[in-house]
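To be precise, the following lines are final10.txt, and they hold compact mmCIF, C-alpha atoms.
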```
# COMPACT_ATOMS: atom_id res chain seq x y z
CA MET A 1 -3.63 177.99 112.40
CA ARG A 2 -6.39 179.37 114.55
CA ALA A 3 -7.21 177.85 117.94
CA LEU A 4 -10.83 176.68 118.12
CA THR A 5 -12.90 177.47 121.18
CA ASP A 6 -14.72 174.64 122.92
CA THR A 7 -18.02 176.14 121.81
CA LEU A 8 -16.95 176.18 118.16
CA ARG A 9 -15.56 172.66 118.36
CA ASN A 10 -18.84 171.39 119.77
CA GLU A 11 -20.79 173.14 117.02
CA LEU A 12 -18.58 171.63 114.34
CA GLU A 13 -18.95 168.16 115.84
CA GLN A 14 -22.74 168.48 115.86
CA ALA A 15 -22.68 169.66 112.25
CA ALA A 16 -20.42 166.78 111.19
CA GLY A 17 -22.36 164.14 113.12
CA ALA A 18 -19.02 162.90 114.43
CA PRO A 19 -16.38 163.97 116.98
CA PHE A 20 -13.01 165.41 116.04
CA ALA A 21 -10.65 162.60 114.98
CA GLY A 22 -7.62 164.63 116.00
CA PRO A 23 -6.68 168.11 117.19
CA ASP A 24 -8.02 169.75 114.01
CA THR A 25 -9.46 166.88 111.92
CA ILE A 26 -13.14 166.11 111.60
CA ALA A 27 -14.83 163.47 109.41
CA PRO A 28 -18.44 164.36 108.47
CA LEU A 29 -20.83 161.48 107.97
CA SER A 30 -22.42 162.57 104.68
CA THR A 31 -22.58 165.25 102.02
CA ASP A 32 -25.19 167.09 104.10
CA HIS A 33 -22.87 166.98 107.10
CA VAL A 34 -19.99 168.37 105.02
CA SER A 35 -22.31 171.15 103.94
CA ALA A 36 -23.21 171.94 107.55
CA VAL A 37 -19.53 172.07 108.53
CA MET A 38 -18.67 174.36 105.62
CA LYS A 39 -21.49 176.75 106.52
CA ILE A 40 -19.93 177.18 109.94
CA ALA A 41 -16.46 177.51 108.38
CA ALA A 42 -17.74 180.23 106.05
CA ARG A 43 -19.38 182.09 108.91
CA GLU A 44 -16.25 181.87 111.07
CA GLN A 45 -13.83 182.34 108.14
CA LEU A 46 -11.99 179.11 108.95
CA ILE A 47 -9.32 177.90 106.53
CA VAL A 48 -10.21 174.34 105.49
CA ARG A 49 -8.05 171.58 104.13
CA THR A 50 -9.55 168.35 102.74
CA GLN A 51 -7.85 165.01 103.26
CA GLY A 52 -8.49 161.54 101.89
CA GLY A 53 -5.93 158.77 102.26
CA ALA A 54 -3.02 161.21 102.83
CA THR A 55 -1.03 159.61 99.99
CA LYS A 56 -0.40 162.89 98.13
CA LEU A 57 -0.04 165.52 100.84
CA GLY A 58 3.28 166.64 99.37
CA TRP A 59 1.96 167.08 95.84
CA SER A 60 1.07 170.74 96.40
CA ASN A 61 2.06 173.72 98.54
CA PRO A 62 1.34 173.19 102.26
CA VAL A 63 -1.74 174.82 103.76
CA ASP A 64 -1.89 176.22 107.30
CA ALA A 65 -5.49 175.18 107.91
CA ASP A 66 -7.74 175.82 110.89
CA ILE A 67 -9.58 172.54 110.34
CA THR A 68 -9.06 169.47 108.19
CA ILE A 69 -12.13 167.76 106.74
CA SER A 70 -11.45 164.05 106.32
CA THR A 71 -13.50 162.03 103.82
CA ALA A 72 -13.02 158.83 105.84
CA ASN A 73 -16.76 158.54 106.59
CA LEU A 74 -17.79 159.27 102.99
CA ALA A 75 -16.92 155.77 101.80
CA GLY A 76 -18.94 153.12 100.01
CA ILE A 77 -20.39 152.10 96.67
CA ARG A 78 -23.56 154.13 96.23
CA GLU A 79 -24.76 152.57 92.98
CA HIS A 80 -23.39 150.16 90.39
CA ILE A 81 -25.48 149.71 87.28
CA TRP A 82 -23.29 147.06 85.72
CA GLN A 83 -25.51 146.69 82.65
CA ASP A 84 -24.90 150.35 81.77
CA LEU A 85 -21.22 150.29 82.75
CA THR A 86 -21.62 153.06 85.34
CA CYS A 87 -21.13 153.39 89.08
CA THR A 88 -21.37 156.05 91.79
CA VAL A 89 -19.04 155.93 94.79
CA GLY A 90 -18.33 157.95 97.92
CA ALA A 91 -15.23 160.14 97.82
CA GLY A 92 -13.68 158.46 100.85
CA THR A 93 -13.69 155.02 99.22
CA THR A 94 -10.21 153.66 98.56
CA TRP A 95 -9.42 152.84 94.95
CA ALA A 96 -8.66 149.21 95.87
CA VAL A 97 -12.14 148.75 97.38
CA LEU A 98 -13.72 150.19 94.24
CA GLU A 99 -11.61 147.91 92.02
CA GLU A 100 -12.49 144.86 94.10
CA HIS A 101 -16.22 145.57 93.87
CA LEU A 102 -16.17 146.19 90.12
CA ALA A 103 -14.08 143.08 89.47
CA GLU A 104 -16.99 140.92 90.63
CA HIS A 105 -18.66 141.91 87.36
CA HIS A 106 -15.39 141.83 85.37
CA GLN A 107 -15.46 145.61 85.11
CA ARG A 108 -13.16 148.45 86.12
CA VAL A 109 -12.54 152.16 86.01
CA ALA A 110 -9.70 152.10 83.47
CA LEU A 111 -7.29 154.01 85.66
CA ASP A 112 -4.11 152.84 87.41
CA ALA A 113 -3.87 155.18 90.36
CA PHE A 114 -0.92 155.53 92.72
CA ALA A 115 -1.17 153.71 96.08
CA PRO A 116 -4.63 152.19 95.46
CA GLN A 117 -4.80 150.52 98.88
CA SER A 118 -4.80 153.93 100.60
CA ALA A 119 -5.65 156.54 97.96
CA THR A 120 -9.29 157.61 97.94
CA VAL A 121 -11.56 158.45 95.04
CA GLY A 122 -11.79 162.10 96.11
CA GLY A 123 -8.05 162.50 96.46
CA ILE A 124 -7.38 160.88 93.10
CA LEU A 125 -9.81 163.25 91.40
CA ALA A 126 -8.52 166.32 93.26
CA THR A 127 -4.92 165.60 92.19
CA ASN A 128 -5.84 164.28 88.71
CA ASP A 129 -3.78 161.17 89.34
CA SER A 130 -3.68 158.60 86.57
CA GLY A 131 -1.11 156.25 85.15
CA LEU A 132 -0.27 154.46 81.94
CA LEU A 133 -3.80 153.32 81.06
CA ARG A 134 -4.50 156.93 80.08
CA LEU A 135 -2.85 156.18 76.71
CA LYS A 136 -5.79 153.96 75.68
CA TYR A 137 -8.70 155.05 77.85
CA GLY A 138 -8.09 158.75 78.36
CA SER A 139 -7.61 160.78 81.52
CA LEU A 140 -9.90 161.09 84.52
CA ARG A 141 -11.82 163.82 82.72
CA ASP A 142 -12.82 161.18 80.15
CA LEU A 143 -13.87 158.65 82.79
CA VAL A 144 -15.86 160.77 85.24
CA LEU A 145 -19.55 161.20 84.44
CA GLY A 146 -20.49 163.44 87.34
CA VAL A 147 -19.58 164.67 90.80
CA THR A 148 -21.24 165.90 93.96
CA ILE A 149 -19.37 168.69 95.70
CA VAL A 150 -19.77 171.05 98.61
CA LEU A 151 -18.76 174.64 97.86
CA ALA A 152 -17.02 177.00 100.25
CA ASP A 153 -20.31 178.51 101.46
CA GLY A 154 -21.82 175.07 102.12
CA THR A 155 -23.88 174.88 98.92
CA ILE A 156 -24.25 171.34 97.57
CA ALA A 157 -23.79 171.15 93.79
CA ARG A 158 -24.14 168.15 91.50
CA SER A 159 -23.46 167.51 87.86
CA GLY A 160 -23.87 164.46 85.72
CA GLY A 161 -26.43 161.66 85.86
CA LYS A 162 -29.00 162.58 88.50
CA VAL A 163 -28.90 166.34 88.51
CA VAL A 164 -30.28 168.15 91.56
CA LYS A 165 -28.45 171.43 91.14
CA ASN A 166 -25.83 172.55 88.65
CA VAL A 167 -23.48 175.49 88.88
CA ALA A 168 -24.61 177.34 85.78
CA GLY A 169 -22.12 177.55 82.95
CA TYR A 170 -19.52 175.15 84.39
CA ASP A 171 -18.62 171.54 83.68
CA LEU A 172 -18.04 170.59 87.31
CA PRO A 173 -16.11 167.35 86.80
CA LYS A 174 -13.60 168.97 84.46
CA LEU A 175 -13.17 171.93 86.82
CA LEU A 176 -12.80 169.89 89.99
CA ILE A 177 -10.43 167.25 88.60
CA GLY A 178 -6.90 168.44 89.31
CA SER A 179 -7.99 171.51 91.30
CA PHE A 180 -6.31 170.23 94.51
CA GLY A 181 -9.34 170.97 96.67
CA THR A 182 -9.31 174.71 95.96
CA LEU A 183 -12.81 174.94 94.42
CA GLY A 184 -14.93 172.54 96.43
CA ILE A 185 -14.98 169.34 98.44
CA ILE A 186 -15.80 166.27 96.34
CA THR A 187 -18.12 163.93 98.23
CA GLU A 188 -19.30 161.55 95.48
CA ALA A 189 -18.30 160.70 91.92
CA SER A 190 -19.86 158.72 89.07
CA PHE A 191 -17.64 156.84 86.62
CA ARG A 192 -17.78 155.35 83.16
CA LEU A 193 -16.69 151.71 83.36
CA HIS A 194 -14.83 149.41 80.97
CA PRO A 195 -14.68 145.60 80.80
CA GLN A 196 -11.56 143.97 82.14
CA PRO A 197 -9.22 142.86 79.34
CA ILE A 198 -9.84 139.38 77.96
CA ASN A 199 -6.19 138.46 77.71
CA ALA A 200 -2.92 140.35 77.93
CA ALA A 201 0.79 139.89 77.36
CA SER A 202 3.67 142.20 78.27
CA PHE A 203 7.04 142.56 76.55
CA THR A 204 10.24 144.48 77.22
CA LEU A 205 12.57 145.79 74.53
CA ARG A 206 16.10 146.93 75.49
CA SER A 207 18.54 149.16 73.69
CA HIS A 208 21.37 151.60 74.40
CA ASP A 209 19.58 154.04 72.07
CA ALA A 210 16.54 155.73 73.60
CA LEU A 211 15.56 157.23 70.24
CA ALA A 212 15.41 153.76 68.66
CA LEU A 213 12.97 152.64 71.34
CA ALA A 214 10.97 155.83 70.83
CA ASP A 215 10.64 154.90 67.14
CA VAL A 216 9.21 151.50 68.10
CA MET A 217 6.83 153.18 70.52
CA LYS A 218 5.64 155.59 67.84
CA ALA A 219 5.26 152.81 65.26
CA ALA A 220 3.25 150.60 67.64
CA LEU A 221 0.74 153.41 68.07
CA ALA A 222 0.70 154.32 64.38
CA GLN A 223 -0.01 150.73 63.37
CA GLN A 224 -2.84 150.58 65.91
CA LEU A 225 -1.57 147.56 67.78
CA ALA A 226 -3.78 146.48 70.69
CA VAL A 227 -1.63 148.44 73.17
CA GLU A 228 -3.09 148.49 76.67
CA ARG A 229 -0.23 150.47 78.20
CA MET A 230 3.35 151.37 77.42
CA GLN A 231 6.30 153.00 79.14
CA MET A 232 9.96 153.77 78.52
CA ARG A 233 12.53 153.93 81.31
CA ASN A 234 16.22 154.06 82.06
CA GLU A 235 18.15 151.14 83.51
CA SER A 236 21.72 151.02 84.80
CA THR A 237 23.38 150.61 81.40
CA ALA A 238 20.54 150.83 78.84
CA PHE A 239 16.97 151.88 78.17
CA ALA A 240 13.86 149.72 78.24
CA LEU A 241 10.49 149.94 76.52
CA ASP A 242 7.65 147.97 78.13
CA ILE A 243 4.54 147.25 76.08
CA GLU A 244 1.39 145.43 77.17
CA LEU A 245 -0.96 144.13 74.48
CA ALA A 246 -4.53 143.16 75.39
CA SER A 247 -7.18 141.51 73.22
CA ASN A 248 -8.61 138.07 72.41
CA ASP A 249 -6.20 135.21 71.76
CA SER A 250 -6.08 135.43 67.96
CA VAL A 251 -5.57 139.20 67.84
CA LEU A 252 -3.02 139.02 70.65
CA ALA A 253 -0.98 136.41 68.77
CA GLU A 254 -1.08 138.43 65.53
CA HIS A 255 -0.16 141.71 67.19
CA THR A 256 2.69 140.09 69.10
CA GLN A 257 4.21 139.04 65.79
CA ARG A 258 3.72 142.53 64.38
CA LEU A 259 5.45 144.02 67.43
CA LEU A 260 8.33 141.58 67.00
CA ALA A 261 8.69 142.76 63.41
CA LEU A 262 8.69 146.41 64.53
CA ALA A 263 11.43 145.63 67.06
CA GLY A 264 13.73 144.36 64.31
CA ASP A 265 17.22 143.92 65.78
CA ILE A 266 16.18 145.25 69.20
CA ALA A 267 16.07 142.52 71.84
CA MET A 268 12.52 141.68 72.98
CA GLU A 269 11.48 139.36 75.80
CA PRO A 270 8.48 138.77 78.10
CA ALA A 271 8.25 141.56 80.67
CA ALA A 272 8.58 140.97 84.39
CA PRO A 273 5.24 141.71 86.14
CA GLN A 274 6.88 144.26 88.44
CA VAL A 275 7.78 146.64 85.59
CA TRP A 276 4.27 148.07 85.79
CA GLN A 277 4.90 149.06 89.41
CA ILE A 278 7.90 151.29 88.65
CA ARG A 279 5.91 154.55 88.63
CA ASP A 280 4.42 153.67 92.03
CA GLU A 281 7.88 152.82 93.37
CA ILE A 282 9.22 156.18 92.22
CA LEU A 283 6.31 158.10 93.76
CA ALA A 284 6.66 156.15 97.02
CA THR A 285 10.37 157.02 97.42
CA ARG A 286 11.21 158.45 100.83
CA GLY A 287 14.33 160.06 102.29
CA GLU A 288 15.86 163.21 100.83
CA ALA A 289 15.29 162.35 97.16
CA SER A 290 13.33 164.78 95.00
CA ILE A 291 10.43 163.53 92.88
CA LEU A 292 9.57 165.47 89.74
CA LYS A 293 6.84 165.34 87.12
CA ILE A 294 7.91 166.58 83.69
CA THR A 295 5.33 167.37 81.02
CA ALA A 296 6.55 167.73 77.45
CA LEU A 297 5.57 167.12 73.85
CA PRO A 298 5.72 163.35 73.16
CA ALA A 299 8.39 163.93 70.50
CA LYS A 300 10.75 165.37 73.16
CA LEU A 301 10.42 162.57 75.72
CA ALA A 302 13.18 160.25 74.52
CA ALA A 303 15.76 163.04 74.30
CA ILE A 304 14.89 164.24 77.82
CA LEU A 305 15.16 160.69 79.18
CA ALA A 306 18.52 160.20 77.48
CA GLY A 307 19.83 163.43 78.99
CA LEU A 308 18.67 162.44 82.46
CA ALA A 309 20.22 158.99 82.10
CA GLN A 310 23.55 160.57 81.18
CA LEU A 311 23.44 162.66 84.36
CA ALA A 312 22.71 159.52 86.35
CA GLN A 313 26.09 158.07 85.33
CA GLN A 314 27.96 160.68 87.34
CA PRO A 315 29.26 159.81 90.84
CA ASP A 316 26.77 160.39 93.68
CA HIS A 317 23.93 160.75 91.16
CA SER A 318 20.94 158.45 90.88
CA ILE A 319 18.04 159.23 88.56
CA ARG A 320 15.26 156.75 87.93
CA ALA A 321 12.66 157.83 85.39
CA VAL A 322 9.63 156.36 83.66
CA VAL A 323 8.08 157.86 80.53
CA ASP A 324 4.35 157.89 79.79
CA PRO A 325 3.95 158.22 75.98
CA VAL A 326 1.20 160.83 76.36
CA GLY A 327 3.86 163.34 77.43
CA ILE A 328 4.80 162.77 81.09
CA ILE A 329 8.06 161.73 82.77
CA THR A 330 7.96 160.79 86.45
CA LEU A 331 11.39 160.66 88.06
CA VAL A 332 13.17 160.42 91.36
CA CYS A 333 16.50 162.23 91.67
CA GLU A 334 19.05 161.47 94.37
CA ALA A 335 21.83 163.95 93.71
CA PRO A 336 23.50 167.00 95.28
CA PRO A 337 20.96 169.82 95.69
CA GLU A 338 22.68 171.98 93.09
CA THR A 339 22.27 169.22 90.48
CA THR A 340 18.57 168.85 91.14
CA VAL A 341 18.09 172.61 91.04
CA ALA A 342 19.94 172.74 87.72
CA ILE A 343 17.75 169.98 86.27
CA VAL A 344 14.55 171.76 87.28
CA GLU A 345 15.61 175.21 86.11
CA ASP A 346 17.11 173.99 82.83
CA LEU A 347 14.09 171.91 81.88
CA ARG A 348 11.62 174.64 82.82
CA ALA A 349 13.50 177.10 80.63
CA ARG A 350 13.73 174.73 77.65
CA LEU A 351 10.14 173.49 77.86
CA ARG A 352 8.47 176.86 78.36
CA SER A 353 8.10 177.67 74.64
CA SER A 354 6.33 174.37 73.88
CA GLY A 355 3.99 174.45 76.88
CA GLY A 356 5.92 171.93 78.98
CA ASN A 357 6.77 172.20 82.65
CA VAL A 358 8.39 170.58 85.69
CA VAL A 359 6.30 170.14 88.83
CA VAL A 360 7.88 169.24 92.17
CA VAL A 361 5.94 166.28 93.55
CA ARG A 362 8.26 165.80 96.51
CA ARG A 363 10.78 168.47 97.41
CA GLY A 364 13.53 166.43 99.07
CA TRP A 365 16.72 168.51 99.09
CA LEU A 366 15.28 171.16 96.76
CA PRO A 367 15.32 174.60 98.42
CA GLU A 368 12.11 176.54 98.98
CA LEU A 369 13.08 179.09 96.31
CA ILE A 370 12.21 176.46 93.68
CA ASP A 371 8.48 176.91 93.17
CA THR A 372 6.46 173.71 93.37
CA TRP A 373 4.39 174.42 90.26
CA GLY A 374 6.90 176.16 88.04
CA ILE A 375 5.60 177.90 84.96
CA ALA A 376 2.11 179.34 85.42
CA PRO A 377 -0.20 178.36 82.54
CA GLN A 378 -1.49 180.94 80.07
CA ALA A 379 -4.94 180.50 81.59
CA ILE A 380 -3.80 181.52 85.09
CA ASP A 381 -5.95 184.67 85.11
CA VAL A 382 -9.01 182.62 84.21
CA MET A 383 -8.14 180.10 86.91
CA ARG A 384 -7.89 182.86 89.50
CA ALA A 385 -11.25 184.26 88.40
CA VAL A 386 -12.85 180.83 88.79
CA LYS A 387 -11.32 180.47 92.26
CA LYS A 388 -12.76 183.86 93.21
CA GLU A 389 -16.22 182.90 92.00
CA PHE A 390 -16.25 179.54 93.75
CA ASP A 391 -14.38 180.60 96.90
CA ALA A 392 -14.23 184.37 97.20
CA ASP A 393 -12.99 184.25 100.79
CA ARG A 394 -10.22 181.75 99.98
CA LEU A 395 -11.24 179.21 102.59
CA LEU A 396 -10.47 176.00 100.67
CA ASN A 397 -6.79 175.02 100.47
CA PRO A 398 -5.66 178.60 99.76
CA GLY A 399 -2.23 178.89 98.16
CA SER A 400 -1.86 175.18 97.57
CA PHE A 401 -2.25 175.30 93.78
CA VAL A 402 -0.34 176.90 90.91
CA GLY A 403 0.03 180.68 91.03
CA GLY A 404 -0.90 180.78 94.73
CA ILE A 405 -4.51 179.77 94.02
```
Render the structure in this file as structure tokens.
Amino acid sequence: MRALTDTLRNELEQAAGAPFAGPDTIAPLSTDHVSAVMKIAAREQLIVRTQGGATKLGWSNPVDADITISTANLAGIREHIWQDLTCTVGAGTTWAVLEEHLAEHHQRVALDAFAPQSATVGGILATNDSGLLRLKYGSLRDLVLGVTIVLADGTIARSGGKVVKNVAGYDLPKLLIGSFGTLGIITEASFRLHPQPINAASFTLRSHDALALADVMKAALAQQLAVERMQMRNESTAFALDIELASNDSVLAEHTQRLLALAGDIAMEPAAPQVWQIRDEILATRGEASILKITALPAKLAAILAGLAQLAQQPDHSIRAVVDPVGIITLVCEAPPETTVAIVEDLRARLRSSGGNVVVVRRGWLPELIDTWGIAPQAIDVMRAVKKEFDADRLLNPGSFVGGI
């Protein structure tokens, strides 16, 4: 980290339109102010980290930044055209504030983000955070219509609805989502909206056989039940499958009966409301526990969960996992370091051939020799080339992303 002179600090404050909020943190007042700050950063070759609600700081490699640009002053609903089911919002807006505003018109961005009270729109996009609603509505890349970003040299670029300037040849939203702030600073985003569900009912099925629950999960999707979201998880002595159905009353009643028929001999009961908070609880775990994100082919999920649950039965081992049917397992592991290392290394080796991976969301006891990102994707050379084009001097979150990007 480079010490800033008083002269440089004053210049940055004038550019941001606001004083430093901490020793190295500054919160520009607008997109234009972010641009002005980045022009100075480019001139002075300052390493810049971007920060929203600070809910996911451990989700990537740490960055030794000279300055941190906070999006705290980039908050607010810019535009909500409820008739067209679209809205534009500042990157510093918390997800809860956005949800509260949209709910007044019985609308929503169909995304269940982690820590909505604190997580900001920009941070959610930068980390590509989404939950179980992705099964029905798609990922963030399906919900974002456009973004406004500031590039490393201070250039303002926009894509989507009201185009002022595009970066030729690139789909900015798809590039920026999940880039962990390494390509540009998101200052605004436009979303596709969906109506809130008319009516919903949640059920839990329990069995000692994870594969049996996986069969029900697969059948519910194949029969096109009105599934809003679904998850499988391990409990102390069994496995559970939670399914939420959402539709009008008549369809909901019919599909509930069809689900009951699919369950057969498997016990099914109304789900407790808190089951849909399990992923958030796992991601919010503190202490020395390690939090991992496993990506795998959907057909492999039940077997992986069963293997993890078997490990959890050993003394001094605690593994709590939740499965997203699209191919993601989020888990917290409280076990001796050598056990956690073995889990990570074994899964990475077995999943490599099918394109799966294990990402360390929170390191806990895991030693530094275990890389956060694991297996580099086949497109890593392309990703590095894009980073070089957008940020040739490596000023934005350098080294934070996969492959040292």
Near-A:Asn61 list (12 Å; all atoms listed in the file; drop same-chain fewer than 3 positions) as number ranges by chain: A: 49, 56-58, 64, 180-182, 359-363, 368, 370-374, 397-405
Selection: 12 Å around A:Gln314, all atoms listed in the file, excl. self and same-chain fewer than 4 positions, as a list in words: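 Everything that qualifies: Ser236, Gly307, Leu308, Ala309, Gln310, Ser318, Ile319, Glu334, Ala335, Pro336 and Thr339 of chain A.
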Could you turn the residues from that selection into a file that holds C-alpha atoms, as a compact mmCIF listing (two decimals), in the coordinates of the input?
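The resulting file, selection19.txt, is shown below:
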```txt
# COMPACT_ATOMS: atom_id res chain seq x y z
CA SER A 236 21.72 151.02 84.80
CA GLY A 307 19.83 163.43 78.99
CA LEU A 308 18.67 162.44 82.46
CA ALA A 309 20.22 158.99 82.10
CA GLN A 310 23.55 160.57 81.18
CA SER A 318 20.94 158.45 90.88
CA ILE A 319 18.04 159.23 88.56
CA GLU A 334 19.05 161.47 94.37
CA ALA A 335 21.83 163.95 93.71
CA PRO A 336 23.50 167.00 95.28
CA THR A 339 22.27 169.22 90.48
```
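We find atom CA of A:Asp153 and atom CA of A:Leu183 to be spaced 10.9 Å apart.
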For A:Gly76, the nearest of the candidates A:Asn10, A:Ser159, A:Gln231, A:Thr93, counting all atoms listed in the file: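 The answer is A:Thr93, which sits nearest to A:Gly76.
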Quick one: 6 Å padding each side, axis-aligned, all listed atoms of stretch 326-335 of chain A - centre and edge lengths in Å to one decimal, as JSON?
```
{"center_x": 11.5, "center_y": 162.2, "center_z": 85.4, "size_x": 32.6, "size_y": 15.5, "size_z": 30.0}
```
Find the residues of stretch 180-242 of chain A that sit at most 9 Å from stretch 29-48 of chain A; for each, write down the nearest two atoms and how far apart they are in Å, to one decimal. Count only C-alpha atoms. Sort by chain, then by number going up, and give it as a Markdown table.
```
| residue | atom | partner | partner_atom | distance |
| --- | --- | --- | --- | --- |
| A:Ile185 | CA | A:Val34 | CA | 8.3 |
| A:Ile186 | CA | A:Thr31 | CA | 8.9 |
| A:Thr187 | CA | A:Thr31 | CA | 6.0 |
| A:Glu188 | CA | A:Thr31 | CA | 8.2 |
```
Exercise: residues within 12 Å of coordinate (-0.7, 158.2, 100.7), counting all atoms listed in the file, as a ChimeraX atom specification: /A:51-59,94-95,113-120,123-124,280,283-286
Å distance separating atom CA of A:Ala21 from atom CA of A:Val150, one decimal place: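 So the two atoms, atom CA of A:Ala21 and atom CA of A:Val150, lie 20.6 Å apart.
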Shortest interatomic distance to A:Ser179 - which of A:Phe191, A:Met232, A:Arg384, A:Ile329, counting only C-alpha atoms: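 Ranking A:Phe191, A:Met232, A:Arg384, A:Ile329 by distance to A:Ser179, first place goes to A:Arg384.
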Point-to-point distance from atom CA of A:Ser290 to atom CA of A:Glu235, Å rounded to tenths: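 Atom CA of A:Glu235 lies at a distance of 18.5 Å from atom CA of A:Ser290.
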Got a minute to add N, CA, C and O atoms to stretch 90-104 of chain A and dump it as a PDB file, in the frame of the given file?
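The result, stored in selection_8.pdb:
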```pdb
ATOM      1  N   GLY A  90     -18.681 156.897  96.975  1.00  0.00           N
ATOM      2  CA  GLY A  90     -18.330 157.950  97.920  1.00  0.00           C
ATOM      3  C   GLY A  90     -16.861 158.345  97.792  1.00  0.00           C
ATOM      4  O   GLY A  90     -15.998 157.513  97.506  1.00  0.00           O
ATOM      5  N   ALA A  91     -16.579 159.619  98.026  1.00  0.00           N
ATOM      6  CA  ALA A  91     -15.230 160.140  97.820  1.00  0.00           C
ATOM      7  C   ALA A  91     -14.198 159.534  98.759  1.00  0.00           C
ATOM      8  O   ALA A  91     -13.003 159.510  98.454  1.00  0.00           O
ATOM      9  N   GLY A  92     -14.615 159.043  99.896  1.00  0.00           N
ATOM     10  CA  GLY A  92     -13.680 158.460 100.850  1.00  0.00           C
ATOM     11  C   GLY A  92     -13.370 156.998 100.605  1.00  0.00           C
ATOM     12  O   GLY A  92     -12.606 156.387 101.352  1.00  0.00           O
ATOM     13  N   THR A  93     -13.937 156.421  99.561  1.00  0.00           N
ATOM     14  CA  THR A  93     -13.690 155.020  99.220  1.00  0.00           C
ATOM     15  C   THR A  93     -12.284 154.861  98.658  1.00  0.00           C
ATOM     16  O   THR A  93     -11.872 155.618  97.780  1.00  0.00           O
ATOM     17  N   THR A  94     -11.533 153.882  99.130  1.00  0.00           N
ATOM     18  CA  THR A  94     -10.210 153.660  98.560  1.00  0.00           C
ATOM     19  C   THR A  94     -10.354 153.053  97.165  1.00  0.00           C
ATOM     20  O   THR A  94     -11.331 152.362  96.861  1.00  0.00           O
ATOM     21  N   TRP A  95      -9.371 153.334  96.337  1.00  0.00           N
ATOM     22  CA  TRP A  95      -9.420 152.840  94.950  1.00  0.00           C
ATOM     23  C   TRP A  95      -9.423 151.315  94.911  1.00  0.00           C
ATOM     24  O   TRP A  95     -10.082 150.706  94.068  1.00  0.00           O
ATOM     25  N   ALA A  96      -8.715 150.674  95.834  1.00  0.00           N
ATOM     26  CA  ALA A  96      -8.660 149.210  95.870  1.00  0.00           C
ATOM     27  C   ALA A  96     -10.036 148.615  96.163  1.00  0.00           C
ATOM     28  O   ALA A  96     -10.421 147.598  95.574  1.00  0.00           O
ATOM     29  N   VAL A  97     -10.787 149.238  97.063  1.00  0.00           N
ATOM     30  CA  VAL A  97     -12.140 148.750  97.380  1.00  0.00           C
ATOM     31  C   VAL A  97     -13.045 148.883  96.158  1.00  0.00           C
ATOM     32  O   VAL A  97     -13.822 147.981  95.836  1.00  0.00           O
ATOM     33  N   LEU A  98     -12.932 150.008  95.453  1.00  0.00           N
ATOM     34  CA  LEU A  98     -13.720 150.190  94.240  1.00  0.00           C
ATOM     35  C   LEU A  98     -13.346 149.135  93.193  1.00  0.00           C
ATOM     36  O   LEU A  98     -14.232 148.515  92.580  1.00  0.00           O
ATOM     37  N   GLU A  99     -12.048 148.905  93.000  1.00  0.00           N
ATOM     38  CA  GLU A  99     -11.610 147.910  92.020  1.00  0.00           C
ATOM     39  C   GLU A  99     -12.116 146.518  92.380  1.00  0.00           C
ATOM     40  O   GLU A  99     -12.566 145.760  91.504  1.00  0.00           O
ATOM     41  N   GLU A 100     -12.047 146.181  93.664  1.00  0.00           N
ATOM     42  CA  GLU A 100     -12.490 144.860  94.100  1.00  0.00           C
ATOM     43  C   GLU A 100     -13.980 144.659  93.843  1.00  0.00           C
ATOM     44  O   GLU A 100     -14.412 143.591  93.387  1.00  0.00           O
ATOM     45  N   HIS A 101     -14.774 145.679  94.109  1.00  0.00           N
ATOM     46  CA  HIS A 101     -16.220 145.570  93.870  1.00  0.00           C
ATOM     47  C   HIS A 101     -16.512 145.415  92.379  1.00  0.00           C
ATOM     48  O   HIS A 101     -17.301 144.542  91.980  1.00  0.00           O
ATOM     49  N   LEU A 102     -15.894 146.228  91.553  1.00  0.00           N
ATOM     50  CA  LEU A 102     -16.170 146.190  90.120  1.00  0.00           C
ATOM     51  C   LEU A 102     -15.695 144.889  89.488  1.00  0.00           C
ATOM     52  O   LEU A 102     -16.296 144.401  88.517  1.00  0.00           O
ATOM     53  N   ALA A 103     -14.629 144.319  90.032  1.00  0.00           N
ATOM     54  CA  ALA A 103     -14.080 143.080  89.470  1.00  0.00           C
ATOM     55  C   ALA A 103     -15.056 141.923  89.572  1.00  0.00           C
ATOM     56  O   ALA A 103     -14.984 140.967  88.784  1.00  0.00           O
ATOM     57  N   GLU A 104     -15.981 141.982  90.514  1.00  0.00           N
ATOM     58  CA  GLU A 104     -16.990 140.920  90.630  1.00  0.00           C
ATOM     59  C   GLU A 104     -17.830 140.820  89.365  1.00  0.00           C
ATOM     60  O   GLU A 104     -18.406 139.771  89.075  1.00  0.00           O
TER      61      GLU A 104
END
```
